[in-house]
$ cat start14.txt   # compact mmCIF, C-alpha atoms
# COMPACT_ATOMS: atom_id res chain seq x y z
CA MET A 21 128.84 121.23 49.96
CA THR A 22 129.19 117.58 49.03
CA ILE A 23 132.03 117.26 51.55
CA ILE A 24 129.82 118.63 54.33
CA ARG A 25 127.07 116.23 53.37
CA ILE A 26 129.43 113.26 53.30
CA THR A 27 131.01 114.28 56.62
CA ILE A 28 127.67 114.60 58.42
CA ALA A 29 126.52 111.28 57.00
CA ALA A 30 129.79 109.59 58.02
CA VAL A 31 129.49 110.96 61.55
CA ALA A 32 125.95 109.61 61.72
CA PHE A 33 126.88 106.17 60.42
CA VAL A 34 129.80 105.83 62.85
CA GLY A 35 127.65 107.32 65.62
CA ILE A 36 125.10 104.53 65.21
CA PHE A 37 127.65 102.12 66.66
CA ILE A 38 129.44 104.14 69.31
CA ALA A 39 127.78 107.49 70.02
CA PRO A 40 124.73 108.46 72.08
CA PRO A 41 121.48 107.94 70.12
CA TRP A 42 120.72 111.63 69.74
CA LEU A 43 123.76 112.15 67.51
CA PRO A 44 122.56 110.16 64.46
CA LEU A 45 119.12 111.75 64.84
CA ALA A 46 120.66 115.23 64.93
CA CYS A 47 122.66 114.39 61.81
CA VAL A 48 119.49 113.28 60.00
CA VAL A 49 117.83 116.59 60.88
CA LEU A 50 120.87 118.56 59.71
CA LEU A 51 121.02 116.64 56.45
CA ALA A 52 117.29 116.91 55.84
CA LEU A 53 117.33 120.67 56.38
CA ARG A 54 119.71 121.26 53.49
CA TYR A 55 119.59 118.22 51.23
CA ARG A 56 117.19 115.65 49.88
CA ALA A 57 119.05 113.28 52.12
CA TRP A 58 118.19 109.75 51.09
CA GLU A 59 121.06 108.67 53.37
CA GLY A 60 119.01 109.95 56.32
CA LEU A 61 116.53 107.16 55.66
CA MET A 62 119.31 104.59 55.58
CA ILE A 63 120.66 105.94 58.89
CA GLY A 64 117.23 105.49 60.49
CA LEU A 65 116.87 101.97 59.12
CA LEU A 66 120.36 100.95 60.20
CA MET A 67 119.77 102.32 63.69
CA ASP A 68 116.68 100.13 64.07
CA LEU A 69 118.24 97.04 62.52
CA MET A 70 121.16 97.47 64.87
CA TRP A 71 119.45 98.19 68.19
CA LEU A 72 115.72 97.47 68.00
CA PRO A 73 114.78 94.33 69.96
CA PHE A 74 112.57 92.20 67.75
CA GLY A 75 111.86 89.43 70.23
CA LEU A 76 108.38 88.58 71.37
CA PRO A 77 106.29 89.04 73.49
CA HIS A 78 106.91 92.78 73.30
CA VAL A 79 106.40 94.59 70.04
CA TYR A 80 108.70 97.55 69.60
CA VAL A 81 108.09 100.48 67.30
CA PRO A 82 110.94 101.18 64.84
CA PHE A 83 111.15 104.74 66.05
CA TYR A 84 114.22 105.77 64.08
CA THR A 85 113.00 104.52 60.71
CA ILE A 86 109.67 106.27 61.18
CA ALA A 87 111.35 109.42 62.50
CA ALA A 88 113.76 109.53 59.56
CA ILE A 89 110.91 109.22 57.03
CA ILE A 90 108.94 111.94 58.81
CA ILE A 91 111.96 114.25 59.07
CA VAL A 92 113.18 113.77 55.51
CA TRP A 93 109.74 114.20 53.93
CA GLY A 94 108.33 116.57 56.53
CA LEU A 95 111.13 119.09 56.11
CA GLU A 96 110.58 119.24 52.35
CA PRO A 97 108.71 122.61 52.38
CA LEU A 98 111.32 124.20 54.65
CA ARG A 99 114.14 122.77 52.56
CA LEU A 100 112.58 124.16 49.38
CA GLU A 101 112.54 127.59 50.99
CA LEU A 102 116.22 127.24 51.88
CA LEU A 103 117.16 125.96 48.41
CA ARG A 104 115.23 128.69 46.61
CA MET B 5 114.28 131.06 30.02
CA VAL B 6 114.15 132.96 33.24
CA LYS B 7 113.29 130.86 36.29
CA THR B 8 110.47 132.45 38.18
CA GLU B 9 109.64 132.01 41.83
CA PHE B 10 106.68 129.88 40.84
CA SER B 11 108.49 127.57 38.45
CA HIS B 12 107.93 123.83 38.67
CA ARG B 13 111.45 123.26 40.03
CA SER B 14 111.23 125.82 42.81
CA LEU B 15 108.00 124.34 44.06
CA HIS B 16 108.88 120.69 43.77
CA GLY B 17 112.69 120.62 43.65
CA HIS B 18 114.84 118.71 41.21
CA PRO B 19 112.71 115.85 39.89
CA ARG B 20 115.61 113.39 39.84
CA ALA B 21 116.57 114.05 43.49
CA ARG B 22 112.95 113.74 44.48
CA ARG B 23 112.62 110.44 42.64
CA ARG B 24 115.77 109.17 44.35
CA LEU B 25 114.34 110.07 47.74
CA LEU B 26 111.08 108.33 46.94
CA LEU B 27 112.94 105.26 45.70
CA THR B 28 115.07 105.14 48.87
CA THR B 29 111.96 105.38 51.02
CA VAL B 30 110.49 102.39 49.20
CA VAL B 31 113.81 100.49 49.50
CA VAL B 32 113.95 101.19 53.26
CA LEU B 33 110.42 99.92 53.77
CA VAL B 34 111.08 96.85 51.61
CA LEU B 35 114.31 96.08 53.50
CA PHE B 36 112.52 96.37 56.83
CA ALA B 37 109.73 94.09 55.65
CA ALA B 38 112.22 91.64 54.15
CA ASP B 39 114.09 91.47 57.44
CA LEU B 40 110.89 90.65 59.29
CA ALA B 41 109.85 88.12 56.65
CA THR B 42 113.22 86.34 56.69
CA GLY B 43 113.37 86.13 60.47
CA GLY B 44 116.10 88.72 60.82
CA MET B 45 118.62 87.82 58.10
CA ILE B 46 119.46 91.45 57.42
CA ARG B 47 119.83 92.46 61.04
CA SER B 48 121.99 89.38 61.67
CA ALA B 49 124.38 90.67 59.04
CA VAL B 50 124.24 94.15 60.59
CA HIS B 51 124.92 92.74 64.07
CA ALA B 52 127.88 90.70 62.83
CA ALA B 53 129.34 93.72 61.04
CA ALA B 54 128.78 95.90 64.10
CA ALA B 55 130.50 93.42 66.38
CA SER B 56 133.52 93.44 64.08
CA ILE B 57 133.53 97.24 63.92
CA TRP B 58 133.28 97.46 67.70
CA SER B 59 136.23 95.13 68.17
CA ALA B 60 138.24 97.07 65.60
CA THR B 61 137.47 100.45 67.17
CA SER B 62 138.24 99.11 70.65
CA SER B 63 141.74 98.15 69.62
CA ALA B 64 142.15 101.44 67.76
CA ARG B 65 141.04 103.36 70.85
CA SER B 66 143.55 101.51 72.97
CA THR B 67 146.28 102.25 70.45
CA VAL B 68 145.46 105.96 70.35
CA GLY B 69 145.15 106.09 74.13
CA GLY B 70 148.47 104.38 74.65
CA SER B 71 150.34 106.48 72.10
CA GLY B 72 151.08 109.31 74.53
CA TYR B 73 148.75 111.94 73.07
CA PHE B 74 146.59 113.70 75.63
CA SER B 75 148.79 112.07 78.27
CA SER B 76 148.14 114.52 81.15
CA ARG B 77 144.40 114.42 80.67
CA ARG B 78 144.51 110.71 80.03
CA SER B 79 146.47 109.98 83.20
CA LEU B 80 143.94 111.89 85.29
CA ALA B 81 141.07 110.20 83.56
CA GLU B 82 142.73 106.82 84.01
CA ASP B 83 143.31 107.41 87.72
CA ASN B 84 139.73 108.46 88.13
CA ALA B 85 138.40 105.53 86.16
CA SER B 86 140.68 103.12 87.97
CA LEU B 87 139.55 104.30 91.40
CA ARG B 88 135.92 104.17 90.37
CA GLU B 89 136.44 100.73 88.97
CA GLN B 90 138.06 99.54 92.21
CA LEU B 91 135.27 101.03 94.28
CA ALA B 92 132.66 99.44 92.06
CA GLN B 93 134.42 96.07 92.29
CA TYR B 94 134.58 96.23 96.08
CA GLN B 95 130.92 97.21 96.27
CA GLU B 96 129.94 94.46 93.91
CA ARG B 97 131.95 91.90 95.85
CA ALA B 98 130.42 93.02 99.12
CA ALA B 99 126.96 92.89 97.58
CA GLY B 100 127.80 89.53 96.03
CA PHE B 101 128.75 88.15 99.45
CA ALA B 102 125.49 89.44 100.88
CA VAL B 103 123.59 87.77 98.08
CA ALA B 104 125.44 84.50 98.63
CA SER B 105 124.78 84.69 102.36
CA GLU B 106 121.07 85.28 101.83
CA GLU B 107 120.93 82.47 99.32
CA ASN B 108 122.67 80.10 101.71
CA LYS B 109 120.29 81.01 104.49
CA ALA B 110 117.30 80.44 102.23
CA LEU B 111 118.68 77.12 101.05
CA ARG B 112 119.33 75.93 104.59
CA SER B 113 115.87 76.92 105.67
CA MET B 114 114.29 75.11 102.77
CA LEU B 115 116.60 72.09 103.16
CA LYS B 116 116.81 71.74 99.43
CA LEU B 117 119.73 70.96 97.32
CA THR B 118 120.62 73.36 94.63
CA GLU B 119 122.20 72.50 91.41
CA LEU B 120 124.97 74.56 89.96
CA GLU B 121 123.91 76.48 86.93
CA GLN B 122 125.74 76.07 83.74
CA GLY B 123 126.32 79.01 81.51
CA ILE B 124 128.92 80.65 79.37
CA THR B 125 131.07 83.73 79.58
CA ALA B 126 130.52 86.07 76.65
CA PRO B 127 132.24 89.30 75.65
CA VAL B 128 130.31 92.56 75.33
CA VAL B 129 130.64 93.57 71.67
CA SER B 130 128.86 96.89 71.54
CA SER B 131 128.52 100.17 73.30
CA PHE B 132 126.08 100.42 76.20
CA ARG B 133 125.18 104.02 75.50
CA ALA B 134 124.58 103.95 71.75
CA SER B 135 121.24 102.18 71.78
CA PRO B 136 118.06 104.25 72.04
CA TYR B 137 116.18 101.11 73.08
CA GLY B 138 118.32 100.08 76.07
CA THR B 139 119.91 97.16 74.25
CA PHE B 140 123.47 95.96 73.82
CA MET B 141 125.19 93.08 72.08
CA ILE B 142 127.19 90.17 73.39
CA GLY B 143 129.31 87.64 71.58
CA ALA B 144 127.09 84.61 72.13
CA GLY B 145 125.38 82.69 69.35
CA THR B 146 122.55 80.23 69.04
CA ALA B 147 124.84 77.43 70.25
CA ASP B 148 125.45 79.25 73.53
CA ALA B 149 122.18 80.90 74.45
CA ALA B 150 118.53 81.28 73.53
CA PRO B 151 116.01 84.11 73.60
CA GLY B 152 115.13 84.70 77.24
CA SER B 153 118.54 83.69 78.60
CA LEU B 154 119.67 85.80 81.52
CA VAL B 155 122.78 87.94 81.33
CA LEU B 156 124.66 88.37 84.61
CA THR B 157 127.60 90.34 85.95
CA GLU B 158 130.49 88.59 87.66
CA GLY B 159 128.77 89.21 90.99
CA GLY B 160 125.61 87.44 89.82
CA PHE B 161 123.44 90.51 89.24
CA VAL B 162 121.02 90.19 86.33
CA ILE B 163 121.58 93.01 83.85
CA GLY B 164 119.40 91.86 80.99
CA ARG B 165 117.68 89.23 78.92
CA VAL B 166 118.60 87.96 75.47
CA VAL B 167 115.87 89.11 73.08
CA ASP B 168 117.32 88.35 69.69
CA ILE B 169 120.04 85.92 68.71
CA ASP B 170 121.82 84.74 65.60
CA THR B 171 124.78 82.48 64.95
CA ARG B 172 127.43 84.71 66.54
CA VAL B 173 125.83 87.69 68.25
CA ALA B 174 122.97 88.15 70.69
CA LEU B 175 121.01 91.32 71.37
CA VAL B 176 120.31 91.86 75.06
CA ASN B 177 117.55 94.02 76.48
CA ALA B 178 118.85 95.72 79.62
CA LEU B 179 116.74 95.09 82.71
CA PHE B 180 117.09 98.74 83.71
CA ALA B 181 116.40 100.14 80.22
CA ALA B 182 114.39 103.34 80.40
CA ASP B 183 110.72 102.78 81.36
CA THR B 184 111.15 99.02 81.70
CA GLU B 185 109.21 97.66 84.67
CA THR B 186 110.36 94.66 86.67
CA ASP B 187 108.55 93.05 89.59
CA ALA B 188 111.00 92.83 92.46
CA LEU B 189 111.38 92.24 96.16
CA LEU B 190 112.95 94.84 98.44
CA ALA B 191 113.20 94.41 102.22
CA GLY B 192 110.49 91.76 102.04
CA THR B 193 108.14 94.06 100.16
CA ALA B 194 106.93 93.49 96.61
CA VAL B 195 107.78 96.48 94.45
CA SER B 196 107.79 97.47 90.82
CA VAL B 197 111.19 98.72 89.71
CA VAL B 198 111.19 101.16 86.80
CA GLY B 199 114.37 101.38 84.76
CA LEU B 200 116.03 104.73 84.12
CA GLY B 201 118.82 103.54 81.84
CA GLY B 202 122.55 103.32 82.53
CA GLY B 203 122.15 100.63 85.18
CA ASN B 204 119.84 102.74 87.33
CA ALA B 205 116.22 102.30 88.36
CA ARG B 206 113.66 103.71 90.75
CA THR B 207 110.90 102.31 92.90
CA SER B 208 108.55 103.31 95.71
CA VAL B 209 107.99 101.52 99.01
CA PRO B 210 105.73 102.45 101.93
CA ARG B 211 107.45 104.76 104.40
CA GLY B 212 107.05 102.22 107.18
CA VAL B 213 109.34 99.75 105.45
CA HIS B 214 112.93 100.07 106.60
CA VAL B 215 115.23 100.34 103.61
CA ALA B 216 118.96 100.82 104.06
CA LEU B 217 121.66 101.77 101.58
CA GLY B 218 123.16 98.69 100.01
CA ASP B 219 120.06 96.52 100.49
CA ILE B 220 119.71 93.91 97.78
CA VAL B 221 116.82 94.07 95.33
CA THR B 222 115.83 90.69 93.95
CA ALA B 223 113.39 89.61 91.26
CA PRO B 224 111.19 86.57 91.97
CA SER B 225 110.47 86.20 88.24
CA LEU B 226 114.21 85.75 87.69
CA ARG B 227 114.45 82.92 90.21
CA GLY B 228 115.08 85.35 93.03
CA ARG B 229 118.26 86.66 91.53
CA ALA B 230 119.67 90.01 92.53
CA ILE B 231 119.04 92.84 90.09
CA GLY B 232 120.54 95.77 92.00
CA ILE B 233 121.29 97.43 95.29
CA VAL B 234 119.76 100.43 97.01
CA GLY B 235 121.83 103.48 96.13
CA ASN B 236 119.73 106.21 97.69
CA VAL B 237 116.51 106.63 99.65
CA GLU B 238 114.39 109.78 99.50
CA SER B 239 111.78 110.09 102.21
CA ASP B 240 109.37 112.96 102.60
CA PRO B 241 107.33 113.18 105.85
CA THR B 242 104.33 114.39 103.85
CA ASP B 243 104.46 111.43 101.51
CA ALA B 244 103.20 107.95 102.32
CA ASP B 245 105.85 106.38 100.11
CA GLN B 246 109.59 106.73 99.98
CA THR B 247 111.44 106.80 96.69
CA VAL B 248 114.24 104.29 96.43
CA HIS B 249 116.95 104.62 93.79
CA VAL B 250 118.30 101.26 92.73
CA ARG B 251 121.53 100.77 90.86
CA LEU B 252 123.83 98.07 89.71
CA PRO B 253 126.94 97.83 91.89
CA VAL B 254 129.09 97.84 88.79
CA ASN B 255 129.55 100.37 86.02
CA VAL B 256 127.83 98.76 83.04
CA GLU B 257 129.89 100.72 80.55
CA ALA B 258 133.05 99.19 82.02
CA LEU B 259 131.81 95.62 81.61
CA ARG B 260 133.92 93.58 79.22
CA TYR B 261 132.47 90.15 79.89
CA VAL B 262 129.13 88.88 81.09
CA TYR B 263 127.80 85.51 82.13
CA VAL B 264 124.88 84.00 80.23
CA VAL B 265 122.63 81.39 81.84
CA PRO B 266 119.47 79.70 80.59
CA ALA B 267 116.22 81.42 81.58
CA LEU B 268 114.70 78.45 83.41
$ encode --input "start14.txt" --output "structure tokens"
Amino acid sequence: MTIIRITIAAVAFVGIFIAPPWLPLACVVLLALRYRAWEGLMIGLLMDLMWLPFGLPHVYVPFYTIAAIIIVWGLEPLRLELLR
Amino acid sequence: MVKTEFSHRSLHGHPRARRRLLLTTVVVLVLFAADLATGGMIRSAVHAAAASIWSATSSARSTVGGSGYFSSRRSLAEDNASLREQLAQYQERAAGFAVASEENKALRSMLKLTELEQGITAPVVSSFRASPYGTFMIGAGTADAAPGSLVLTEGGFVIGRVVDIDTRVALVNALFAADTETDALLAGTAVSVVGLGGGNARTSVPRGVHVALGDIVTAPSLRGRAIGIVGNVESDPTDADQTVHVRLPVNVEALRYVYVVPAL
């Protein structure tokens, strides 16, 4: 189980740099469905630090960080059902 | 003790794992705030690391590709890519000549002297398709460019603007990033070009305006520079407008180097 978790997380972390943006997001969802995946939050943060344009005058929403927090915490009830 | 369905653990999970998740959430928020407060110190480090990783994986990809594995598929893919690349280069050159011709005509008519722009050539150090925000990175630092600098192809087409820069790497916002609007000029008509991502965009012009394939789209806000060419025109007799698909004459994912010039 740990190997699966590490593999999915590794795919997500590598995917941040070279893969289409849906791949890391899909990995976060997969991780959050089965584990209390704190690494999902780091993946979201890294995605935004890497790609989010911070320059003015436009203000951009850190979509991936917010999405990761929502997914990881929002899937808690479903995950508890799966873990039970 | 027998664990029941309504035990504390089944309802709330392992307390330690939950605490770790809560702690990570706080750390993530603190890191994000710290990055904003420090003017991007953390993301500068991330960008530098990413640029190194991209360079490393590029060489690794070349090594794997040249090792002979997947040779039949690779040869077909290479032929295909090579032909596409050639076609794109020819199209870009042709479009570049058209741009130069139009510029010359405009300059002659205005009887003004133009000064040659000074810029730098910078390598592309990230993937074009990995960003969900339509951004990519180039190997230009604060000594070479500034926020707002324009990023051009070899043919002189603007592909983006520098939005964030540190000592070694600059983050560029693609002009044709999804849902990005740019005021442009097409066949003498002012239009608003909406980016679709991947070097493609779309706009609408009145049906009475004659638009031909290969027409140059320029942006007055970018000193009249070319931003794309007409790739397709969809006209419906029942519609007052015709939809024009604009694209860059070069495959952005194949770009290895770009040219960076000051904004103004």
$ interface_residues --input "start14.txt" --of "chain B" --to "chain A" --cutoff "9 Å" --atoms "all atoms listed in the file" --output "PyMOL selection string"
chain B and resi 9+14-17+21-22+24-29+32-33+35-36+39-40+44+46-48+50-51+54+57-58+130-141+151+166-168+175-177
$ write_last_selection --input "start14.txt" --atoms "C-alpha atoms" --output "short mmCIF file (atom, residue, chain, number, x, y, z; two decimals), keeping the file's coordinate frame"
data_model
loop_
_atom_site.label_atom_id
_atom_site.label_comp_id
_atom_site.auth_asym_id
_atom_site.auth_seq_id
_atom_site.Cartn_x
_atom_site.Cartn_y
_atom_site.Cartn_z
CA GLU B 9 109.64 132.01 41.83
CA SER B 14 111.23 125.82 42.81
CA LEU B 15 108.00 124.34 44.06
CA HIS B 16 108.88 120.69 43.77
CA GLY B 17 112.69 120.62 43.65
CA ALA B 21 116.57 114.05 43.49
CA ARG B 22 112.95 113.74 44.48
CA ARG B 24 115.77 109.17 44.35
CA LEU B 25 114.34 110.07 47.74
CA LEU B 26 111.08 108.33 46.94
CA LEU B 27 112.94 105.26 45.70
CA THR B 28 115.07 105.14 48.87
CA THR B 29 111.96 105.38 51.02
CA VAL B 32 113.95 101.19 53.26
CA LEU B 33 110.42 99.92 53.77
CA LEU B 35 114.31 96.08 53.50
CA PHE B 36 112.52 96.37 56.83
CA ASP B 39 114.09 91.47 57.44
CA LEU B 40 110.89 90.65 59.29
CA GLY B 44 116.10 88.72 60.82
CA ILE B 46 119.46 91.45 57.42
CA ARG B 47 119.83 92.46 61.04
CA SER B 48 121.99 89.38 61.67
CA VAL B 50 124.24 94.15 60.59
CA HIS B 51 124.92 92.74 64.07
CA ALA B 54 128.78 95.90 64.10
CA ILE B 57 133.53 97.24 63.92
CA TRP B 58 133.28 97.46 67.70
CA SER B 130 128.86 96.89 71.54
CA SER B 131 128.52 100.17 73.30
CA PHE B 132 126.08 100.42 76.20
CA ARG B 133 125.18 104.02 75.50
CA ALA B 134 124.58 103.95 71.75
CA SER B 135 121.24 102.18 71.78
CA PRO B 136 118.06 104.25 72.04
CA TYR B 137 116.18 101.11 73.08
CA GLY B 138 118.32 100.08 76.07
CA THR B 139 119.91 97.16 74.25
CA PHE B 140 123.47 95.96 73.82
CA MET B 141 125.19 93.08 72.08
CA PRO B 151 116.01 84.11 73.60
CA VAL B 166 118.60 87.96 75.47
CA VAL B 167 115.87 89.11 73.08
CA ASP B 168 117.32 88.35 69.69
CA LEU B 175 121.01 91.32 71.37
CA VAL B 176 120.31 91.86 75.06
CA ASN B 177 117.55 94.02 76.48
#
$ closest_residue --input "start14.txt" --among "B:Leu200, B:Ala267, B:Ala191, B:Val250" --to "Arg227 of chain B" --atoms "all atoms listed in the file"
B:Ala267
$ atom_distance --input "start14.txt" --atom1 "atom CA of Ile90 of chain A" --atom2 "atom CA of Ala37 of chain B"
18.1 Å
$ atom_distance --input "start14.txt" --atom1 "atom CA of Val48 of chain A" --atom2 "atom CA of Arg20 of chain B"
20.5 Å
$ residues_around --input "start14.txt" --residues "Leu259 of chain B" --least-positions-apart "6" --cutoff "12 Å" --atoms "only C-alpha atoms" --output "ChimeraX atom specification"
/B:89,92-93,126-132,140-142,155-159,163,203,252-253
$ closest_residue --input "start14.txt" --among "B:Arg172, B:Pro224, B:Asn255, B:Val264" --to "Ser86 of chain B" --atoms "only C-alpha atoms"
B:Asn255
$ atom_distance --input "start14.txt" --atom1 "atom CA of Gly143 of chain B" --atom2 "atom CA of Gly164 of chain B"
14.3 Å
$ closest_residue --input "start14.txt" --among "B:Val34, B:Ala216, B:Ala181, B:Ala149" --to "Ile169 of chain B" --atoms "all atoms listed in the file"
B:Ala149
$ closest_residue --input "start14.txt" --among "B:Leu189, B:Val254, B:Leu80, B:Leu91" --to "Asn204 of chain B" --atoms "only C-alpha atoms"
B:Val254
$ residues_near_point --input "start14.txt" --point "(107.3, 110.3, 107.5)" --cutoff "12 Å" --atoms "only C-alpha atoms" --output "list of chain:residue names"
B:Pro210, B:Arg211, B:Gly212, B:Val213, B:His214, B:Glu238, B:Ser239, B:Asp240, B:Pro241, B:Thr242, B:Asp243, B:Ala244, B:Asp245, B:Gln246
$ closest_residue --input "start14.txt" --among "B:Pro266, B:Gly199, B:Gly100, B:Gly228" --to "Leu154 of chain B" --atoms "only C-alpha atoms"
B:Pro266
